[in-house]
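Text of target27.cif, listed as mmCIF, C-alpha atoms:
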```cif
data_entry
#
loop_
_atom_site.label_atom_id
_atom_site.label_comp_id
_atom_site.auth_asym_id
_atom_site.auth_seq_id
_atom_site.Cartn_x
_atom_site.Cartn_y
_atom_site.Cartn_z
CA MET X 1 0.00 0.00 0.00
CA ILE X 2 2.88 2.41 0.67
CA ILE X 3 4.24 1.91 -2.85
CA GLU X 4 0.85 2.74 -4.34
CA TYR X 5 0.56 5.81 -2.12
CA VAL X 6 4.00 7.07 -3.22
CA GLU X 7 3.13 6.45 -6.88
CA GLU X 8 -0.13 8.39 -6.48
CA ALA X 9 1.74 11.23 -4.80
CA LEU X 10 4.20 11.35 -7.71
CA ARG X 11 1.29 11.47 -10.18
CA ARG X 12 0.05 14.57 -8.35
CA ALA X 13 3.47 16.26 -8.32
CA ARG X 14 3.86 19.63 -9.96
CA TYR X 15 7.22 20.47 -11.54
CA GLU X 16 8.77 23.73 -12.65
CA ILE X 17 12.14 25.07 -13.70
CA ILE X 18 13.77 27.50 -11.30
CA ASP X 19 16.93 29.62 -11.44
CA ASP X 20 19.25 27.32 -9.49
CA LYS X 21 22.15 24.90 -10.03
CA GLU X 22 19.48 22.18 -9.69
CA PRO X 23 16.86 23.83 -11.89
CA TYR X 24 14.11 21.22 -11.69
CA TYR X 25 11.77 21.71 -8.72
CA GLY X 26 8.89 19.44 -7.76
CA GLU X 27 6.31 19.52 -5.00
CA ILE X 28 3.04 17.90 -4.01
CA ASP X 29 0.41 20.37 -2.85
CA GLU X 30 -1.49 17.83 -0.73
CA LEU X 31 1.66 16.94 1.24
CA GLY X 32 2.70 20.21 2.84
CA GLY X 33 6.46 20.76 2.90
CA VAL X 34 7.24 17.87 0.54
CA TRP X 35 9.49 19.13 -2.27
CA ALA X 36 12.73 18.30 -4.05
CA THR X 37 15.10 19.57 -6.73
CA GLY X 38 17.37 17.96 -9.29
CA LYS X 39 19.67 18.65 -12.22
CA THR X 40 17.26 16.77 -14.49
CA LEU X 41 13.55 16.07 -14.30
CA GLU X 42 14.29 12.38 -13.66
CA GLU X 43 16.67 13.24 -10.80
CA CYS X 44 14.11 15.61 -9.33
CA ARG X 45 11.43 12.92 -9.51
CA ASN X 46 13.72 10.36 -7.84
CA ASN X 47 14.64 12.85 -5.12
CA LEU X 48 10.97 13.67 -4.61
CA LYS X 49 10.19 9.96 -4.21
CA GLU X 50 12.83 9.68 -1.46
CA VAL X 51 11.43 12.77 0.29
CA ILE X 52 7.90 11.31 0.19
CA GLU X 53 9.11 8.01 1.67
CA GLY X 54 10.98 9.82 4.45
CA TRP X 55 8.01 12.09 5.11
CA ILE X 56 5.75 9.04 5.49
CA MET X 57 8.14 7.36 7.95
CA ILE X 58 8.50 10.51 10.07
CA SER X 59 4.73 11.08 10.03
CA ILE X 60 4.09 7.52 11.21
CA LYS X 61 6.75 7.74 13.93
CA LYS X 62 5.39 11.06 15.24
CA GLY X 63 1.74 10.02 14.94
CA ILE X 64 0.96 12.72 12.38
CA SER X 65 -1.99 11.91 10.15
CA ILE X 66 -1.20 11.27 6.52
CA PRO X 67 -3.73 12.69 4.05
CA LYS X 68 -5.62 10.33 1.79
CA LEU X 69 -4.68 10.70 -1.88
CA GLY X 70 -7.60 9.56 -4.01
CA GLU X 71 -8.30 5.98 -2.99
CA PHE X 72 -4.92 5.56 -1.31
CA GLU X 73 -4.30 6.11 2.38
CA ILE X 74 -1.85 5.03 5.02
CA LYS X 75 -3.22 4.42 8.46
CA GLU X 76 -2.35 2.40 11.51
CA ILE X 77 -3.98 -0.99 11.74
CA GLN X 78 -5.05 -2.00 15.22
CA GLU X 79 -4.49 -5.68 15.99
CA ALA X 80 -7.08 -7.43 18.09
CA ILE X 81 -5.62 -8.83 21.29
CA ALA X 82 -6.84 -12.36 21.95
#
```

Can I see the file as structure tokens?
Amino acid sequence: MIIEYVEEALRRARYEIIDDKEPYYGEIDELGGVWATGKTLEECRNNLKEVIEGWIMISIKKGISIPKLGEFEIKEIQEAIA
């Protein structure tokens, strides 16, 4: 499910060219503060993927809710104690 969530996030990414040594910039509006840069669009996309994965791990560790993206969501599953 995490892979599908990351892929959906990347589909929603918005890219632009900025005046920088890494001119490709990408961000995902629904995931506040998630952005990356790269020397090429492919590098930017790969960097953005890593940022999304790290953002998910930190959010889970800190108990921060992760927004649903379309039909994809990441949430804690409670195990029944027998």

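Closest to Gly32 in chain X among X:Ile56, X:Glu7, X:Asn47, X:Phe72 is X:Ile56, based on all atoms listed in the file.
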
**Asked** In Å, how far is it from CA of Thr40 in chain X to CA of Pro67 in chain X?
**Response**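 We find that CA of Thr40 in chain X and CA of Pro67 in chain X lie 28.3 Å from each other.
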
**Asked** Which neighbours of Glu50 in chain X fall inside 10 Å, counting only C-alpha atoms, when residues of the same chain fewer than 5 positions from it are skipped, and could you give them as a list in words?
**Response** Val6, Ala36, Cys44, Arg45, Trp55 and Ile56 of chain X

Evaluated on this file, the PyMOL selection byres ((chain X and resi 28) around 10) picks out some residues - which ones are they, written as a PDB file with C-alpha atoms, in the coordinates of the input?
```pdb
ATOM      1  CA  ALA X   9       1.740  11.230  -4.800  1.00  0.00           C
ATOM      2  CA  LEU X  10       4.200  11.350  -7.710  1.00  0.00           C
ATOM      3  CA  ARG X  11       1.290  11.470 -10.180  1.00  0.00           C
ATOM      4  CA  ARG X  12       0.050  14.570  -8.350  1.00  0.00           C
ATOM      5  CA  ALA X  13       3.470  16.260  -8.320  1.00  0.00           C
ATOM      6  CA  ARG X  14       3.860  19.630  -9.960  1.00  0.00           C
ATOM      7  CA  TYR X  15       7.220  20.470 -11.540  1.00  0.00           C
ATOM      8  CA  GLY X  26       8.890  19.440  -7.760  1.00  0.00           C
ATOM      9  CA  GLU X  27       6.310  19.520  -5.000  1.00  0.00           C
ATOM     10  CA  ASP X  29       0.410  20.370  -2.850  1.00  0.00           C
ATOM     11  CA  GLU X  30      -1.490  17.830  -0.730  1.00  0.00           C
ATOM     12  CA  LEU X  31       1.660  16.940   1.240  1.00  0.00           C
ATOM     13  CA  GLY X  32       2.700  20.210   2.840  1.00  0.00           C
ATOM     14  CA  GLY X  33       6.460  20.760   2.900  1.00  0.00           C
ATOM     15  CA  VAL X  34       7.240  17.870   0.540  1.00  0.00           C
ATOM     16  CA  TRP X  35       9.490  19.130  -2.270  1.00  0.00           C
ATOM     17  CA  ALA X  36      12.730  18.300  -4.050  1.00  0.00           C
ATOM     18  CA  LEU X  48      10.970  13.670  -4.610  1.00  0.00           C
ATOM     19  CA  ILE X  52       7.900  11.310   0.190  1.00  0.00           C
TER      20      ILE X  52
END
```

**Item:** Separation of CA of Gly70 in chain X from CA of Ile3 in chain X, in Å and rounded to one decimal
**Value:**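 Pair CA of Gly70 in chain X / CA of Ile3 in chain X returns 14.1 Å.
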
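Across the structure, CA of Glu73 in chain X and CA of Glu16 in chain X are spaced 26.6 Å apart.
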
Check which residues satisfy the PyMOL selection byres ((chain X and resi 23) around 9) in the file shown, then give them as an mmCIF file with C-alpha atoms, in the coordinates of the input.
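So the final result, stored in out01.cif, reads:
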```cif
data_model
loop_
_atom_site.group_PDB
_atom_site.id
_atom_site.type_symbol
_atom_site.label_atom_id
_atom_site.label_comp_id
_atom_site.auth_asym_id
_atom_site.auth_seq_id
_atom_site.Cartn_x
_atom_site.Cartn_y
_atom_site.Cartn_z
ATOM 1 C CA GLU X 16 8.770 23.730 -12.650
ATOM 2 C CA ILE X 17 12.140 25.070 -13.700
ATOM 3 C CA ILE X 18 13.770 27.500 -11.300
ATOM 4 C CA ASP X 19 16.930 29.620 -11.440
ATOM 5 C CA ASP X 20 19.250 27.320 -9.490
ATOM 6 C CA LYS X 21 22.150 24.900 -10.030
ATOM 7 C CA GLU X 22 19.480 22.180 -9.690
ATOM 8 C CA TYR X 24 14.110 21.220 -11.690
ATOM 9 C CA TYR X 25 11.770 21.710 -8.720
ATOM 10 C CA THR X 37 15.100 19.570 -6.730
ATOM 11 C CA GLY X 38 17.370 17.960 -9.290
ATOM 12 C CA LYS X 39 19.670 18.650 -12.220
ATOM 13 C CA THR X 40 17.260 16.770 -14.490
ATOM 14 C CA LEU X 41 13.550 16.070 -14.300
#
```

**Item:** Non-local contacts of Lys75 in chain X (9 Å; only C-alpha atoms; under 6 positions in same chain excluded) as an MDAnalysis selection string
**Value:** chainID X and resid 60 65:66

To box range 45-56 of chain X, take all atoms listed in the file, fit an axis-aligned box, add 8 Å on each side, and give centre and edge lengths in Å to one decimal, as JSON.
```
{"center_x": 10.2, "center_y": 10.8, "center_z": -2.0, "size_x": 24.9, "size_y": 21.7, "size_z": 31.0}
```
